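Data first, discussion second: the structure below is written as structure tokens.
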Amino acid sequence: MDLNKHGGVLLLLVAALLPPFVLSQYWLHVMIISLFYVMMAASWNLLAGYTGQVSFAHAAFSGVGAYVSGMLAVFLGLTPWLGILAGTFLAGLLGLGLGFLCIRMGGIYLSLTTLGFSEILRIVITNEEHWTRGTMGLQIPGLFSQYSKTHYYFVFLAAAVGMLFFIHRLIRSEWGLTFRAVLNDEVAASASGIHTVRVRVLAFTLTSAMAGLATPTLRRSIST
């Protein structure tokens, strides 16, 4: 356990000291994209790896976060930092609603429902050109007044480390034990007094919010 902690600290230190030695903007961009996928994979693993739910709506929730954040900035002039928080909150709220409606299905039915939700959202975004500009996308302001890949790299590094730390603490808490109990034997967990539907809806909501957090920052890092 101590070895894992020391290895994590060393890896974080290397990641924090790396940008000054990376002269190419291309490789900084690659590292930013990599951190984005770290966030997406870690959040999806919390859902599938610890509660056994396979959802195909993860990318859709990331799109919700991105478009909510972008539309608030474009149409209301909301500062990008608050827009990201709003997008994260609304992605989580939408995940809560979808999870409440669909979690009881379970198995392949849940997967198909989330796939249908993703496709519906894609069609809406593509056709509502007045609000989303369709396939052209929104031109949104950056997080910083002066554009710098290094700045965005550190934003993503902080976000990824924060998300991983949160997941680490969560799965080692009482809730994490509950997640694993539901994954290993849902009938036994229910017989022990665990509200299995509530646990899965919670996991679905958390991962939706995490997906909604990752993409708004990424869009600003590559579109400014």
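Each chain of the structure tokens is named A, B, ... in the order shown, its residues numbered from 1; ligands are numbered from 1 in display order.
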Please list as number ranges by chain every residue within 7 Å of Thr114 in chain A, counting only C-alpha atoms and excluding residues in the same chain fewer than 6 positions away. A: 55-57
Prev. selection, N, CA and C atoms, output as a PDB file, in the first residue's frame:
ATOM      1  N   SER A  55     -23.404   1.211 -19.347  1.00  0.00           N
ATOM      2  CA  SER A  55     -24.139   2.327 -19.935  1.00  0.00           C
ATOM      3  C   SER A  55     -23.418   2.827 -21.174  1.00  0.00           C
ATOM      4  N   PHE A  56     -24.184   3.114 -22.233  1.00  0.00           N
ATOM      5  CA  PHE A  56     -23.642   3.696 -23.450  1.00  0.00           C
ATOM      6  C   PHE A  56     -23.967   5.195 -23.539  1.00  0.00           C
ATOM      7  N   ALA A  57     -24.351   5.777 -22.409  1.00  0.00           N
ATOM      8  CA  ALA A  57     -24.720   7.196 -22.404  1.00  0.00           C
ATOM      9  C   ALA A  57     -23.617   8.078 -21.856  1.00  0.00           C
TER      10      ALA A  57
END
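Remark: for Ser34 in chain A, the closest of the candidate residues A:Phe156, A:Tyr50, A:Phe21, A:Tyr109 is A:Phe156 (distances computed over only C-alpha atoms).
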For Phe204 in chain A, list every protein, DNA or RNA residue within 9 Å, evaluated using only C-alpha atoms, and leave out those in the same chain fewer than 3 positions away; present the list as a list in words. Leu46, Leu47, Gln53, Ser55, Gly92, Gly95, Leu96, Leu98, Gly99, Ile103, Val199, Arg200, Val201, Thr207, Ser208 and Ala209 of chain A
Generate the output file for the selected residues, C-alpha atoms, as an mmCIF file, in the first residue's frame.
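Dumped to selection.cif:
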data_model
loop_
_atom_site.group_PDB
_atom_site.id
_atom_site.type_symbol
_atom_site.label_atom_id
_atom_site.label_comp_id
_atom_site.auth_asym_id
_atom_site.auth_seq_id
_atom_site.Cartn_x
_atom_site.Cartn_y
_atom_site.Cartn_z
ATOM 1 C CA LEU A 46 -16.929 3.502 -11.188
ATOM 2 C CA LEU A 47 -20.232 2.608 -12.831
ATOM 3 C CA GLN A 53 -23.986 -1.398 -14.960
ATOM 4 C CA SER A 55 -24.139 2.327 -19.935
ATOM 5 C CA GLY A 92 -25.537 14.830 -12.988
ATOM 6 C CA GLY A 95 -28.160 11.251 -15.030
ATOM 7 C CA LEU A 96 -30.239 11.103 -11.864
ATOM 8 C CA LEU A 98 -32.393 8.770 -16.471
ATOM 9 C CA GLY A 99 -31.038 6.445 -13.805
ATOM 10 C CA ILE A 103 -31.858 1.355 -13.570
ATOM 11 C CA VAL A 199 -27.133 2.565 -4.818
ATOM 12 C CA ARG A 200 -27.070 2.104 -8.587
ATOM 13 C CA VAL A 201 -28.856 5.386 -9.218
ATOM 14 C CA THR A 207 -20.493 9.114 -13.181
ATOM 15 C CA SER A 208 -22.798 11.317 -15.276
ATOM 16 C CA ALA A 209 -21.615 14.402 -13.398
#
Would you give me, as an MDAnalysis selection string, the residues in chain A that DSSP reads as alpha helix (DSSP H)? chainID A and resid 2:17 25:51 58:76 80:102 107:127 129:132 149:171 174:184 186:191 196:223
Using only C-alpha atoms, which protein or nucleic acid residues come within 7 Å of range 130-143 of chain A? Drop anything in the same chain fewer than 2 positions from it, and give the result as an mmCIF file with N, CA, C and O atoms, in the first residue's frame.
data_model
loop_
_atom_site.group_PDB
_atom_site.id
_atom_site.type_symbol
_atom_site.label_atom_id
_atom_site.label_comp_id
_atom_site.auth_asym_id
_atom_site.auth_seq_id
_atom_site.Cartn_x
_atom_site.Cartn_y
_atom_site.Cartn_z
ATOM 1 N N GLY A 70 -21.196 25.720 -22.854
ATOM 2 C CA GLY A 70 -20.996 26.592 -24.007
ATOM 3 C C GLY A 70 -22.166 27.523 -24.260
ATOM 4 O O GLY A 70 -21.987 28.711 -24.542
ATOM 5 N N ALA A 73 -22.301 30.391 -21.818
ATOM 6 C CA ALA A 73 -21.294 31.409 -22.123
ATOM 7 C C ALA A 73 -21.701 32.248 -23.328
ATOM 8 O O ALA A 73 -21.556 33.474 -23.328
ATOM 9 N N VAL A 74 -22.239 31.607 -24.368
ATOM 10 C CA VAL A 74 -22.565 32.307 -25.615
ATOM 11 C C VAL A 74 -23.813 33.167 -25.474
ATOM 12 O O VAL A 74 -23.835 34.332 -25.890
ATOM 13 N N PRO A 80 -16.820 31.186 -17.994
ATOM 14 C CA PRO A 80 -16.615 29.765 -18.294
ATOM 15 C C PRO A 80 -16.475 28.874 -17.072
ATOM 16 O O PRO A 80 -16.916 27.732 -17.078
ATOM 17 N N TRP A 81 -15.861 29.389 -16.009
ATOM 18 C CA TRP A 81 -15.676 28.564 -14.814
ATOM 19 C C TRP A 81 -17.018 28.179 -14.198
ATOM 20 O O TRP A 81 -17.231 27.024 -13.829
ATOM 21 N N ILE A 125 -29.072 17.736 -30.815
ATOM 22 C CA ILE A 125 -27.962 18.680 -30.944
ATOM 23 C C ILE A 125 -27.704 19.018 -32.406
ATOM 24 O O ILE A 125 -27.439 20.171 -32.763
ATOM 25 N N THR A 126 -27.795 18.034 -33.281
ATOM 26 C CA THR A 126 -27.533 18.254 -34.706
ATOM 27 C C THR A 126 -28.590 19.141 -35.351
ATOM 28 O O THR A 126 -28.271 19.974 -36.221
ATOM 29 N N ASN A 127 -29.843 19.006 -34.935
ATOM 30 C CA ASN A 127 -30.933 19.715 -35.606
ATOM 31 C C ASN A 127 -31.296 21.051 -34.970
ATOM 32 O O ASN A 127 -31.888 21.897 -35.649
ATOM 33 N N GLU A 128 -30.971 21.260 -33.717
ATOM 34 C CA GLU A 128 -31.286 22.545 -33.071
ATOM 35 C C GLU A 128 -30.181 23.556 -33.372
ATOM 36 O O GLU A 128 -29.439 23.987 -32.476
ATOM 37 N N SER A 145 -7.559 34.463 -20.225
ATOM 38 C CA SER A 145 -7.525 35.581 -21.170
ATOM 39 C C SER A 145 -6.460 35.377 -22.236
ATOM 40 O O SER A 145 -6.612 35.807 -23.377
ATOM 41 N N ARG A 220 -12.771 23.839 -24.477
ATOM 42 C CA ARG A 220 -12.115 25.137 -24.420
ATOM 43 C C ARG A 220 -10.621 25.018 -24.710
ATOM 44 O O ARG A 220 -10.014 25.906 -25.280
ATOM 45 N N THR A 224 -10.006 27.286 -28.462
ATOM 46 C CA THR A 224 -9.692 28.684 -28.240
ATOM 47 C C THR A 224 -8.736 29.190 -29.316
ATOM 48 O O THR A 224 -7.825 28.487 -29.678
#
Neighbour list for Ala158 in chain A as a PyMOL selection string, cut-off 12 Å, only C-alpha atoms, skip fewer than 6 positions in-chain: chain A and resi 12+15-16+32+35-36+39+151-152+164-165+214+217
Report, in Å with one decimal, the straight-line distance from CA of Gly193 in chain A to CA of Glu174 in chain A. 13.9 Å
